[in-house]
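Worksheet for the structure shown next.
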Amino acid sequence: MSEIEKVLKPNVYVFAFHLIGEASGKDNPLWNWGDDFLESFTSEKLKPKLNFSEELSNFRVDLLPDISLDFITKVSYNETKLDVSGFAKPIKIGDSYALWLNVGFPDTCAEEVSPQWLSTFNPQNLLGIVTGKEFLGETILISAKLPPQPQARSLESLQSLADKCCNALLPEKYRPPFNRAGELFGSPIFEYGLIKQTANYRHLLVWFPNSEASEDKLTTYQQEIVDLFYYRNKIIKAFHNSRQIHRIMFDFYRQVEDNVNCLQQRIDELDSDLTTENLQEFKEELKKLLKTALTYTQGLTKLEDYDNTIAINLNNYDEKLAQIYAKVESDKEELSILNNFSIKTAPYMRSQIAGDLGYFRHGTNLIDQAIASIRGIVEIEQARSDRANQLALRNSEDKEKYRDDRLESTVQAIGVGLAAGGIAASSGTDKLFDTVQNHQIPILMQLHPFVFSFALSFAIALFAAGITWWRTKPKNS
């Protein structure tokens, strides 16, 4: 079966989306990009015509009073000029702006043309270039009717024609690889772009409507189609952002693993007692680990947030698909290219993130264990140090108390001795001396009465002081 070389009424539809963020109203870069693209086909500008008066009041708002900016112009290819028409529809959807652009041959054109004519619809190569952190992405849809054929073509035989359309519209460095074939409203469609190519991902569809009914359905469900692509691009953006976090977390996990292993080795090599230097080092290490744990937890939280974003928008995507099913009243094969995304692609993304979360949570356990180990070592050493300090303080206090008690005992002994000696001297020494004289004790009889009295009082004082000191002296612990 020969290849198809020409098509009828080729058209390009671009669905571009950008978060509003801080660039609300006319400041959003999406409108600048749209005017740059339209510049090749019309002198009219989109940005000055935008109306944001109802922007905050509804989830979905058309931002042009006349709904769209329409244009008709001529383009030339190989010295042949033909009429082309198109439109630009700016919309606010939820937290984002959407721009739906169209350039192609009008319905009145019945001429069969080469797919290479599609190159004239992207003269500045602005299509397929996604820039900026808040640019959610774009979906490009090429629509072209097939010339009358004696028999129906299979999806495999039409893929070559789809490749030609893709190659004609986008420069080589921007062409996404082929992904899958399916159906849209009962007509064959080919999808280009692989989700795994996060760095240079682009999404392009080539559709060959085989009946007027198929073309009419695209017009009938245009709002639902725009919403579907909006949710789709939000899901993919969240997944691609999660891949960036994955790469950061993976490197971080390896670093944490190495640090924890080195720390464990240091702990194993420690002597029974820590030096002050060791203790300070572990305290510094503990501070670093606490900071690491915070950063690591923030990374896990971001992954969870992206998973939640995918889940919410996937639910919205499924609801929008269900609305189309209810209106089309046909089996799901008519929308297989759209249905496949919710059945296979989006669940694959969520499973990837779930796997990341399960893997990286081991890193949290490693950090927690390392923190617990250091805290245990530091607390044990701190307790040991505190106990030693308390014991030293208690010994010091005991010695001080012993000295005070000893001094007090000495003072008491001296006081008692002086008192006893004084009493003895003042009361009975004269009578005692007379008794000694009467008994004629030789040694004592030679003493002067004053000396005898003093010696006796001194002896009594020493005896009383000794007894008192012996009874009151402190016990040395």
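Ligands are numbered from 1 in the order shown, chains are lettered A, B, ... in the order of the structure tokens, and residues start at 1 in each chain.
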Just want the 9 Å neighbourhood of stretch 133-149 of chain A, counted on only C-alpha atoms, with same-chain residues fewer than 3 positions away dropped. Output as a PyMOL selection string. chain A and resi 4+6-21+29-30+96+104+112+115+118+127-130+152-153+162+165-166+169+202-211+229-230+233-234+236-238
If you keep N, CA and C atoms, can you produce a file of those selected residues as a short mmCIF file (atom, residue, chain, number, x, y, z; two decimals), in the first residue's frame?
```cif
data_model
loop_
_atom_site.label_atom_id
_atom_site.label_comp_id
_atom_site.auth_asym_id
_atom_site.auth_seq_id
_atom_site.Cartn_x
_atom_site.Cartn_y
_atom_site.Cartn_z
N ILE A 4 0.82 7.89 1.91
CA ILE A 4 0.04 9.10 1.64
C ILE A 4 1.00 10.28 1.63
N LYS A 6 -0.05 13.60 0.70
CA LYS A 6 -0.70 14.91 0.89
C LYS A 6 -1.85 14.79 1.88
N VAL A 7 -2.24 15.96 2.41
CA VAL A 7 -3.33 16.02 3.37
C VAL A 7 -4.25 17.19 3.02
N LEU A 8 -5.41 17.19 3.67
CA LEU A 8 -6.39 18.27 3.46
C LEU A 8 -6.55 19.07 4.77
N LYS A 9 -6.68 20.38 4.61
CA LYS A 9 -6.96 21.29 5.72
C LYS A 9 -6.12 21.04 6.97
N PRO A 10 -4.80 21.03 6.85
CA PRO A 10 -3.99 20.87 8.06
C PRO A 10 -4.16 22.08 8.99
N ASN A 11 -4.29 21.81 10.26
CA ASN A 11 -4.42 22.84 11.28
C ASN A 11 -3.55 22.50 12.48
N VAL A 12 -3.08 23.53 13.14
CA VAL A 12 -2.30 23.35 14.37
C VAL A 12 -3.04 24.04 15.50
N TYR A 13 -3.25 23.29 16.59
CA TYR A 13 -3.87 23.84 17.82
C TYR A 13 -2.83 23.76 18.94
N VAL A 14 -2.67 24.86 19.62
CA VAL A 14 -1.70 24.91 20.72
C VAL A 14 -2.46 25.22 22.01
N PHE A 15 -2.23 24.39 23.03
CA PHE A 15 -2.84 24.60 24.35
C PHE A 15 -1.70 24.83 25.35
N ALA A 16 -1.47 26.10 25.69
CA ALA A 16 -0.35 26.46 26.58
C ALA A 16 -0.90 26.94 27.92
N PHE A 17 -0.16 26.60 29.00
CA PHE A 17 -0.64 26.89 30.35
C PHE A 17 0.49 27.45 31.22
N HIS A 18 0.11 28.43 32.04
CA HIS A 18 1.09 29.09 32.91
C HIS A 18 0.42 29.42 34.23
N LEU A 19 1.09 29.11 35.33
CA LEU A 19 0.57 29.48 36.65
C LEU A 19 0.45 31.00 36.76
N ILE A 20 -0.56 31.46 37.47
CA ILE A 20 -0.70 32.90 37.67
C ILE A 20 0.39 33.39 38.61
N GLY A 21 0.51 32.76 39.76
CA GLY A 21 1.56 33.12 40.70
C GLY A 21 1.55 34.60 41.01
N PRO A 29 3.89 36.16 31.68
CA PRO A 29 4.70 35.96 30.46
C PRO A 29 4.00 35.16 29.38
N LEU A 30 2.90 34.48 29.70
CA LEU A 30 2.18 33.71 28.69
C LEU A 30 1.66 34.62 27.58
N SER A 96 -4.38 29.21 37.13
CA SER A 96 -3.51 29.32 35.96
C SER A 96 -4.20 30.10 34.83
N GLY A 104 -4.25 27.47 10.71
CA GLY A 104 -4.44 26.41 9.72
C GLY A 104 -5.28 26.85 8.54
N GLU A 112 -5.43 19.84 -1.77
CA GLU A 112 -4.53 18.90 -1.11
C GLU A 112 -3.13 19.49 -1.07
N PRO A 115 2.44 17.84 3.71
CA PRO A 115 2.58 18.09 5.16
C PRO A 115 3.62 19.17 5.47
N LEU A 118 2.99 22.65 7.04
CA LEU A 118 2.91 22.88 8.48
C LEU A 118 4.08 23.70 9.01
N LEU A 127 6.96 27.14 18.94
CA LEU A 127 6.18 26.01 19.46
C LEU A 127 7.10 24.95 20.04
N GLY A 128 6.61 24.31 21.08
CA GLY A 128 7.38 23.23 21.69
C GLY A 128 8.52 23.69 22.57
N ILE A 129 8.55 24.98 22.90
CA ILE A 129 9.60 25.49 23.77
C ILE A 129 8.98 25.86 25.10
N VAL A 130 9.22 25.07 26.09
CA VAL A 130 8.66 25.31 27.42
C VAL A 130 9.73 25.99 28.27
N ALA A 152 -9.76 1.80 3.85
CA ALA A 152 -9.32 2.40 5.11
C ALA A 152 -7.87 2.04 5.40
N ARG A 153 -7.21 2.97 6.04
CA ARG A 153 -5.80 2.76 6.41
C ARG A 153 -5.69 2.30 7.86
N ALA A 162 2.03 10.69 10.00
CA ALA A 162 2.05 11.45 11.26
C ALA A 162 3.47 11.94 11.56
N CYS A 165 4.23 14.98 9.48
CA CYS A 165 3.57 16.19 10.00
C CYS A 165 4.35 16.74 11.20
N CYS A 166 4.76 15.85 12.09
CA CYS A 166 5.53 16.25 13.27
C CYS A 166 6.85 16.88 12.87
N LEU A 169 6.48 20.45 11.36
CA LEU A 169 6.10 21.53 12.26
C LEU A 169 7.24 21.95 13.19
N ARG A 202 8.16 17.15 25.56
CA ARG A 202 7.18 17.91 24.76
C ARG A 202 6.05 16.96 24.39
N HIS A 203 4.84 17.53 24.27
CA HIS A 203 3.67 16.71 24.00
C HIS A 203 3.03 17.17 22.70
N LEU A 204 2.95 16.23 21.73
CA LEU A 204 2.38 16.56 20.43
C LEU A 204 1.45 15.42 19.99
N LEU A 205 0.32 15.79 19.42
CA LEU A 205 -0.66 14.83 18.90
C LEU A 205 -0.89 15.11 17.42
N VAL A 206 -0.95 14.06 16.62
CA VAL A 206 -1.30 14.19 15.20
C VAL A 206 -2.58 13.40 14.97
N TRP A 207 -3.61 14.11 14.55
CA TRP A 207 -4.96 13.53 14.45
C TRP A 207 -5.46 13.59 13.02
N PHE A 208 -5.99 12.48 12.55
CA PHE A 208 -6.55 12.41 11.20
C PHE A 208 -8.06 12.15 11.29
N PRO A 209 -8.86 13.21 11.44
CA PRO A 209 -10.32 13.00 11.53
C PRO A 209 -10.85 12.40 10.23
N ASN A 210 -11.58 11.28 10.34
CA ASN A 210 -12.04 10.57 9.14
C ASN A 210 -13.51 10.87 8.80
N SER A 211 -14.08 11.85 9.51
CA SER A 211 -15.47 12.21 9.21
C SER A 211 -15.77 13.61 9.74
N PHE A 229 -6.40 18.99 28.93
CA PHE A 229 -4.98 19.27 28.70
C PHE A 229 -4.41 20.10 29.85
N TYR A 230 -5.24 20.94 30.44
CA TYR A 230 -4.79 21.73 31.60
C TYR A 230 -4.43 20.81 32.76
N ASN A 233 -1.29 18.71 31.92
CA ASN A 233 -0.01 19.42 32.04
C ASN A 233 0.35 19.71 33.49
N LYS A 234 -0.65 19.94 34.34
CA LYS A 234 -0.36 20.14 35.76
C LYS A 234 0.19 18.86 36.38
N ILE A 236 1.82 16.42 34.79
CA ILE A 236 3.17 16.16 34.27
C ILE A 236 4.18 17.11 34.88
N LYS A 237 3.78 18.38 35.05
CA LYS A 237 4.68 19.35 35.68
C LYS A 237 5.03 18.91 37.09
N ALA A 238 4.03 18.47 37.85
CA ALA A 238 4.27 18.01 39.22
C ALA A 238 5.20 16.80 39.22
#
```
Give me the residues near A:Thr108 as a ChimeraX atom specification, where near means some atom within 10 Å (using only C-alpha atoms) and where sequence neighbours in that chain fewer than 2 positions away do not count. /A:9,83,105-106,110-111
Using Å and a single decimal, report how far atom CA of A:Asn125 sits from atom CA of A:Asp95.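 One can read the atom CA of A:Asp95 to atom CA of A:Asn125 distance as 27.8 Å.
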List every residue of stretch 68-137 of chain A that DSSP, applied to the backbone, labels as helix (DSSP H, G or I), and write the result as a PyMOL selection string. chain A and resi 115-121
With N, CA and C atoms retained, write the just-selected residues as a JSON list (two decimals), in the first residue's frame.
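Just written: selection_26.json:
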```
[["chain", "number", "residue", "atom", "x", "y", "z"],
["A", 115, "PRO", "N", 2.44, 17.84, 3.71],
["A", 115, "PRO", "CA", 2.58, 18.09, 5.16],
["A", 115, "PRO", "C", 3.62, 19.17, 5.47],
["A", 116, "GLN", "N", 4.52, 19.44, 4.50],
["A", 116, "GLN", "CA", 5.55, 20.45, 4.74],
["A", 116, "GLN", "C", 4.96, 21.85, 4.92],
["A", 117, "TRP", "N", 3.72, 22.03, 4.50],
["A", 117, "TRP", "CA", 3.07, 23.32, 4.72],
["A", 117, "TRP", "C", 2.97, 23.66, 6.21],
["A", 118, "LEU", "N", 2.99, 22.65, 7.04],
["A", 118, "LEU", "CA", 2.91, 22.88, 8.48],
["A", 118, "LEU", "C", 4.08, 23.70, 9.01],
["A", 119, "SER", "N", 5.21, 23.70, 8.29],
["A", 119, "SER", "CA", 6.36, 24.50, 8.73],
["A", 119, "SER", "C", 6.04, 25.99, 8.72],
["A", 120, "THR", "N", 5.09, 26.41, 7.87],
["A", 120, "THR", "CA", 4.73, 27.83, 7.81],
["A", 120, "THR", "C", 3.90, 28.27, 9.02],
["A", 121, "PHE", "N", 3.41, 27.29, 9.79],
["A", 121, "PHE", "CA", 2.62, 27.61, 10.98],
["A", 121, "PHE", "C", 3.49, 27.80, 12.23]]
```
If you run DSSP on this backbone, which residues of stretch 2-168 of chain A come out as strand (DSSP E or B), and could you give them as an MDAnalysis selection string? chainID A and resid 7:19 60:62 69:77 80:93 96:104 112:113 135:145
May I have the selected residues written with C-alpha atoms, as a compact mmCIF listing (two decimals), in the first residue's frame?
```
# COMPACT_ATOMS: atom_id res chain seq x y z
CA VAL A 7 -3.33 16.02 3.37
CA LEU A 8 -6.39 18.27 3.46
CA LYS A 9 -6.96 21.29 5.72
CA PRO A 10 -3.99 20.87 8.06
CA ASN A 11 -4.42 22.84 11.28
CA VAL A 12 -2.30 23.35 14.37
CA TYR A 13 -3.87 23.84 17.82
CA VAL A 14 -1.70 24.91 20.72
CA PHE A 15 -2.84 24.60 24.35
CA ALA A 16 -0.35 26.46 26.58
CA PHE A 17 -0.64 26.89 30.35
CA HIS A 18 1.09 29.09 32.91
CA LEU A 19 0.57 29.48 36.65
CA ARG A 60 -13.09 29.55 34.61
CA VAL A 61 -13.18 32.94 32.87
CA ASP A 62 -12.77 33.95 29.21
CA LEU A 69 -8.99 37.07 18.67
CA ASP A 70 -9.57 35.87 15.08
CA PHE A 71 -7.39 36.49 12.04
CA ILE A 72 -7.05 35.62 8.34
CA THR A 73 -3.80 35.97 6.42
CA LYS A 74 -1.75 34.43 3.61
CA VAL A 75 1.29 32.21 3.91
CA SER A 76 3.58 30.99 1.16
CA TYR A 77 5.46 27.76 0.61
CA THR A 80 2.64 29.21 -3.54
CA LYS A 81 0.44 31.45 -1.42
CA LEU A 82 -2.65 30.21 0.36
CA ASP A 83 -5.09 31.65 2.88
CA VAL A 84 -4.80 30.57 6.49
CA SER A 85 -6.93 31.53 9.45
CA GLY A 86 -6.72 31.16 13.17
CA PHE A 87 -7.66 32.44 16.58
CA ALA A 88 -6.33 33.05 20.09
CA LYS A 89 -8.48 32.33 23.14
CA PRO A 90 -7.05 33.42 26.51
CA ILE A 91 -8.67 31.80 29.53
CA LYS A 92 -8.25 31.79 33.29
CA ILE A 93 -8.64 28.27 34.76
CA SER A 96 -3.51 29.32 35.96
CA TYR A 97 -3.86 31.11 32.64
CA ALA A 98 -4.46 29.12 29.45
CA LEU A 99 -3.92 30.20 25.86
CA TRP A 100 -5.58 28.26 23.06
CA LEU A 101 -4.08 29.13 19.68
CA ASN A 102 -5.04 27.91 16.21
CA VAL A 103 -3.40 28.35 12.81
CA GLY A 104 -4.44 26.41 9.72
CA GLU A 112 -4.53 18.90 -1.11
CA VAL A 113 -1.18 20.07 0.25
CA PHE A 135 5.19 27.48 32.78
CA LEU A 136 3.08 24.34 33.14
CA GLY A 137 3.64 23.19 29.57
CA GLU A 138 1.83 22.95 26.28
CA THR A 139 0.07 20.37 24.17
CA ILE A 140 0.24 20.71 20.38
CA LEU A 141 -2.48 19.10 18.27
CA ILE A 142 -2.02 18.74 14.51
CA SER A 143 -5.24 18.02 12.70
CA ALA A 144 -5.32 17.01 9.02
CA LYS A 145 -7.90 15.21 6.88
```
Got a sec: who's within 9 Å of stretch 314-321 of chain A, counting only C-alpha atoms, leaving out chain neighbours fewer than 5 positions off, as a ChimeraX atom specification? /A:224-225,227-232,235,309,326,335,338-339,342,346
Let me see the file: selected residues, all heavy atoms, as a short mmCIF file (atom, residue, chain, number, x, y, z; two decimals), in the first residue's frame.
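Produced file out35.cif, reproduced below:
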```
data_model
loop_
_atom_site.label_atom_id
_atom_site.label_comp_id
_atom_site.auth_asym_id
_atom_site.auth_seq_id
_atom_site.Cartn_x
_atom_site.Cartn_y
_atom_site.Cartn_z
N GLU A 224 -14.06 21.10 27.32
CA GLU A 224 -13.61 19.92 28.06
C GLU A 224 -12.19 19.51 27.64
O GLU A 224 -11.39 19.10 28.49
CB GLU A 224 -14.57 18.75 27.84
CG GLU A 224 -15.91 18.87 28.54
CD GLU A 224 -16.92 19.71 27.78
OE1 GLU A 224 -16.56 20.25 26.71
OE2 GLU A 224 -18.05 19.84 28.25
N ILE A 225 -11.89 19.65 26.34
CA ILE A 225 -10.56 19.28 25.84
C ILE A 225 -9.51 20.21 26.45
O ILE A 225 -8.44 19.76 26.89
CB ILE A 225 -10.52 19.35 24.30
CG1 ILE A 225 -11.42 18.28 23.69
CG2 ILE A 225 -9.08 19.19 23.81
CD1 ILE A 225 -11.00 16.87 23.96
N ASP A 227 -9.72 21.81 29.26
CA ASP A 227 -9.59 21.46 30.69
C ASP A 227 -8.78 20.19 30.87
O ASP A 227 -7.95 20.09 31.79
CB ASP A 227 -10.97 21.29 31.31
CG ASP A 227 -11.72 22.60 31.44
OD1 ASP A 227 -11.09 23.66 31.26
OD2 ASP A 227 -12.94 22.57 31.71
N LEU A 228 -9.02 19.20 30.01
CA LEU A 228 -8.26 17.95 30.10
C LEU A 228 -6.76 18.20 29.93
O LEU A 228 -5.95 17.68 30.70
CB LEU A 228 -8.74 16.96 29.03
CG LEU A 228 -10.01 16.16 29.33
CD1 LEU A 228 -10.39 15.33 28.12
CD2 LEU A 228 -9.81 15.25 30.54
N PHE A 229 -6.40 18.99 28.93
CA PHE A 229 -4.98 19.27 28.70
C PHE A 229 -4.41 20.10 29.85
O PHE A 229 -3.22 19.99 30.17
CB PHE A 229 -4.78 19.97 27.36
CG PHE A 229 -5.00 19.07 26.17
CD1 PHE A 229 -5.53 19.57 24.99
CD2 PHE A 229 -4.69 17.73 26.23
CE1 PHE A 229 -5.74 18.74 23.89
CE2 PHE A 229 -4.90 16.89 25.14
CZ PHE A 229 -5.42 17.40 23.96
N TYR A 230 -5.24 20.94 30.44
CA TYR A 230 -4.79 21.73 31.60
C TYR A 230 -4.43 20.81 32.76
O TYR A 230 -3.34 20.90 33.34
CB TYR A 230 -5.90 22.71 32.00
CG TYR A 230 -5.74 23.32 33.37
CD1 TYR A 230 -4.67 24.16 33.67
CD2 TYR A 230 -6.68 23.06 34.38
CE1 TYR A 230 -4.53 24.72 34.93
CE2 TYR A 230 -6.55 23.62 35.64
CZ TYR A 230 -5.49 24.45 35.92
OH TYR A 230 -5.35 25.01 37.16
N TYR A 231 -5.34 19.89 33.11
CA TYR A 231 -5.07 18.97 34.21
C TYR A 231 -3.90 18.05 33.86
O TYR A 231 -3.07 17.73 34.73
CB TYR A 231 -6.31 18.13 34.51
CG TYR A 231 -7.48 18.94 35.04
CD1 TYR A 231 -8.75 18.81 34.48
CD2 TYR A 231 -7.31 19.84 36.09
CE1 TYR A 231 -9.83 19.55 34.95
CE2 TYR A 231 -8.38 20.59 36.57
CZ TYR A 231 -9.63 20.44 35.99
OH TYR A 231 -10.69 21.19 36.46
N ARG A 232 -3.82 17.65 32.61
CA ARG A 232 -2.74 16.78 32.18
C ARG A 232 -1.38 17.45 32.37
O ARG A 232 -0.44 16.86 32.89
CB ARG A 232 -2.94 16.42 30.70
CG ARG A 232 -1.94 15.41 30.18
CD ARG A 232 -2.11 15.22 28.68
NE ARG A 232 -1.46 14.02 28.22
CZ ARG A 232 -0.15 13.90 28.01
NH1 ARG A 232 0.63 14.93 28.24
NH2 ARG A 232 0.35 12.76 27.60
N ILE A 235 -0.37 17.74 35.98
CA ILE A 235 0.10 16.44 36.49
C ILE A 235 1.54 16.19 36.06
O ILE A 235 2.40 15.81 36.87
CB ILE A 235 -0.82 15.31 35.99
CG1 ILE A 235 -2.19 15.40 36.69
CG2 ILE A 235 -0.19 13.94 36.24
CD1 ILE A 235 -3.24 14.47 36.10
N THR A 309 -0.70 16.71 44.46
CA THR A 309 -1.07 17.52 43.29
C THR A 309 -1.50 16.61 42.14
O THR A 309 -2.50 16.88 41.46
CB THR A 309 0.12 18.39 42.85
OG1 THR A 309 0.46 19.29 43.91
CG2 THR A 309 -0.22 19.20 41.60
N ALA A 326 -20.31 10.85 28.89
CA ALA A 326 -21.77 10.96 29.05
C ALA A 326 -22.40 11.67 27.85
O ALA A 326 -23.52 11.32 27.43
CB ALA A 326 -22.10 11.72 30.33
N LEU A 335 -12.06 7.47 22.89
CA LEU A 335 -11.18 8.43 23.57
C LEU A 335 -9.98 7.71 24.18
O LEU A 335 -9.46 8.11 25.22
CB LEU A 335 -11.95 9.16 24.67
CG LEU A 335 -13.15 10.00 24.22
CD1 LEU A 335 -13.96 10.46 25.41
CD2 LEU A 335 -12.69 11.20 23.41
N LEU A 338 -6.90 9.63 25.31
CA LEU A 338 -7.08 10.42 26.53
C LEU A 338 -7.26 9.51 27.74
O LEU A 338 -6.78 9.81 28.83
CB LEU A 338 -8.30 11.34 26.40
CG LEU A 338 -8.28 12.33 25.22
CD1 LEU A 338 -9.59 13.10 25.16
CD2 LEU A 338 -7.10 13.29 25.34
N ASN A 339 -7.94 8.44 27.53
CA ASN A 339 -8.22 7.49 28.60
C ASN A 339 -6.95 6.80 29.08
O ASN A 339 -6.79 6.51 30.27
CB ASN A 339 -9.23 6.45 28.10
CG ASN A 339 -9.82 5.63 29.23
OD1 ASN A 339 -10.12 6.16 30.28
ND2 ASN A 339 -9.97 4.34 29.01
N SER A 342 -5.06 8.48 32.05
CA SER A 342 -5.56 8.30 33.42
C SER A 342 -5.43 6.87 33.89
O SER A 342 -5.32 6.61 35.09
CB SER A 342 -7.03 8.76 33.51
OG SER A 342 -7.86 7.93 32.74
N ALA A 346 -0.64 8.32 34.44
CA ALA A 346 -0.67 8.98 35.75
C ALA A 346 -0.44 8.00 36.90
O ALA A 346 0.32 8.33 37.83
CB ALA A 346 -2.00 9.72 35.92
#
```
Counting only C-alpha atoms, what is within 10 Å of A:Gln159, bar same-chain residues fewer than 2 positions away, as a PDB file with N, CA, C and O atoms, in the first residue's frame?
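Contents of the output file selection-v5.pdb:
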```
ATOM      1  N   SER A 154      -4.705   1.441   8.130  1.00  0.00           N
ATOM      2  CA  SER A 154      -4.465   0.993   9.501  1.00  0.00           C
ATOM      3  C   SER A 154      -3.637   2.056  10.233  1.00  0.00           C
ATOM      4  O   SER A 154      -3.025   2.928   9.614  1.00  0.00           O
ATOM      5  N   LEU A 155      -3.638   1.953  11.563  1.00  0.00           N
ATOM      6  CA  LEU A 155      -2.846   2.891  12.347  1.00  0.00           C
ATOM      7  C   LEU A 155      -1.362   2.812  11.988  1.00  0.00           C
ATOM      8  O   LEU A 155      -0.673   3.827  11.911  1.00  0.00           O
ATOM      9  N   GLU A 156      -0.883   1.598  11.725  1.00  0.00           N
ATOM     10  CA  GLU A 156       0.525   1.425  11.392  1.00  0.00           C
ATOM     11  C   GLU A 156       0.885   2.130  10.092  1.00  0.00           C
ATOM     12  O   GLU A 156       1.936   2.766   9.981  1.00  0.00           O
ATOM     13  N   SER A 157       0.001   2.053   9.110  1.00  0.00           N
ATOM     14  CA  SER A 157       0.303   2.659   7.812  1.00  0.00           C
ATOM     15  C   SER A 157       0.228   4.184   7.878  1.00  0.00           C
ATOM     16  O   SER A 157       0.846   4.881   7.069  1.00  0.00           O
ATOM     17  N   LEU A 161       2.868   9.057   7.941  1.00  0.00           N
ATOM     18  CA  LEU A 161       2.331  10.384   7.623  1.00  0.00           C
ATOM     19  C   LEU A 161       2.339  11.274   8.869  1.00  0.00           C
ATOM     20  O   LEU A 161       2.656  12.467   8.786  1.00  0.00           O
ATOM     21  N   ALA A 162       2.026  10.692  10.000  1.00  0.00           N
ATOM     22  CA  ALA A 162       2.054  11.453  11.260  1.00  0.00           C
ATOM     23  C   ALA A 162       3.471  11.941  11.559  1.00  0.00           C
ATOM     24  O   ALA A 162       3.673  13.080  12.004  1.00  0.00           O
ATOM     25  N   ASP A 163       4.465  11.091  11.295  1.00  0.00           N
ATOM     26  CA  ASP A 163       5.862  11.482  11.503  1.00  0.00           C
ATOM     27  C   ASP A 163       6.225  12.672  10.618  1.00  0.00           C
ATOM     28  O   ASP A 163       6.908  13.606  11.062  1.00  0.00           O
ATOM     29  N   LYS A 164       5.761  12.652   9.370  1.00  0.00           N
ATOM     30  CA  LYS A 164       6.056  13.750   8.442  1.00  0.00           C
ATOM     31  C   LYS A 164       5.449  15.066   8.942  1.00  0.00           C
ATOM     32  O   LYS A 164       6.077  16.128   8.854  1.00  0.00           O
ATOM     33  N   CYS A 165       4.230  14.982   9.480  1.00  0.00           N
ATOM     34  CA  CYS A 165       3.570  16.187  10.005  1.00  0.00           C
ATOM     35  C   CYS A 165       4.346  16.745  11.200  1.00  0.00           C
ATOM     36  O   CYS A 165       4.566  17.950  11.314  1.00  0.00           O
ATOM     37  N   PHE A 178       8.138   9.236  19.219  1.00  0.00           N
ATOM     38  CA  PHE A 178       6.809   8.612  19.136  1.00  0.00           C
ATOM     39  C   PHE A 178       6.512   7.832  20.409  1.00  0.00           C
ATOM     40  O   PHE A 178       7.375   7.155  20.968  1.00  0.00           O
ATOM     41  N   ARG A 180       2.655   6.488  21.309  1.00  0.00           N
ATOM     42  CA  ARG A 180       1.625   5.466  21.072  1.00  0.00           C
ATOM     43  C   ARG A 180       0.615   5.986  20.053  1.00  0.00           C
ATOM     44  O   ARG A 180       0.551   7.174  19.757  1.00  0.00           O
ATOM     45  N   ALA A 181      -0.201   5.052  19.556  1.00  0.00           N
ATOM     46  CA  ALA A 181      -1.312   5.380  18.665  1.00  0.00           C
ATOM     47  C   ALA A 181      -2.613   5.025  19.361  1.00  0.00           C
ATOM     48  O   ALA A 181      -2.662   4.159  20.224  1.00  0.00           O
ATOM     49  N   PRO A 188      -8.202   8.057  13.972  1.00  0.00           N
ATOM     50  CA  PRO A 188      -6.852   7.693  14.403  1.00  0.00           C
ATOM     51  C   PRO A 188      -6.049   8.915  14.871  1.00  0.00           C
ATOM     52  O   PRO A 188      -6.134   9.989  14.287  1.00  0.00           O
ATOM     53  N   ILE A 189      -5.284   8.708  15.930  1.00  0.00           N
ATOM     54  CA  ILE A 189      -4.453   9.780  16.473  1.00  0.00           C
ATOM     55  C   ILE A 189      -3.144   9.188  16.960  1.00  0.00           C
ATOM     56  O   ILE A 189      -3.095   8.031  17.399  1.00  0.00           O
ATOM     57  N   PHE A 190      -2.061   9.983  16.864  1.00  0.00           N
ATOM     58  CA  PHE A 190      -0.721   9.522  17.226  1.00  0.00           C
ATOM     59  C   PHE A 190      -0.127  10.493  18.247  1.00  0.00           C
ATOM     60  O   PHE A 190      -0.176  11.712  18.053  1.00  0.00           O
ATOM     61  N   GLU A 191       0.413   9.906  19.297  1.00  0.00           N
ATOM     62  CA  GLU A 191       0.955  10.733  20.377  1.00  0.00           C
ATOM     63  C   GLU A 191       2.476  10.673  20.389  1.00  0.00           C
ATOM     64  O   GLU A 191       3.078   9.611  20.252  1.00  0.00           O
ATOM     65  N   VAL A 206      -0.948  14.059  16.625  1.00  0.00           N
ATOM     66  CA  VAL A 206      -1.298  14.190  15.197  1.00  0.00           C
ATOM     67  C   VAL A 206      -2.579  13.395  14.970  1.00  0.00           C
ATOM     68  O   VAL A 206      -2.617  12.177  15.150  1.00  0.00           O
TER      69      VAL A 206
END
```
May I ask which of the residues A:Trp33, A:Ser24, A:Ser114, A:Arg254 is the closest one to A:Tyr359, counting only C-alpha atoms?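 For A:Tyr359, the nearest of the candidates is A:Arg254.
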Interatomic distance (Å, one decimal) between atom CA of A:Ser351 and atom CA of A:Thr364: 20.2 Å
One decimal, in Å: what's the spacing between atom CA of A:Phe250 and atom CA of A:Gly363?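 Going from atom CA of A:Phe250 over to atom CA of A:Gly363, I get 9.8 Å.
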Which residue out of A:Val260, A:Thr295, A:Lys196, A:Leu300 has the minimum interatomic distance to A:Tyr348 when only C-alpha atoms are used? A:Lys196
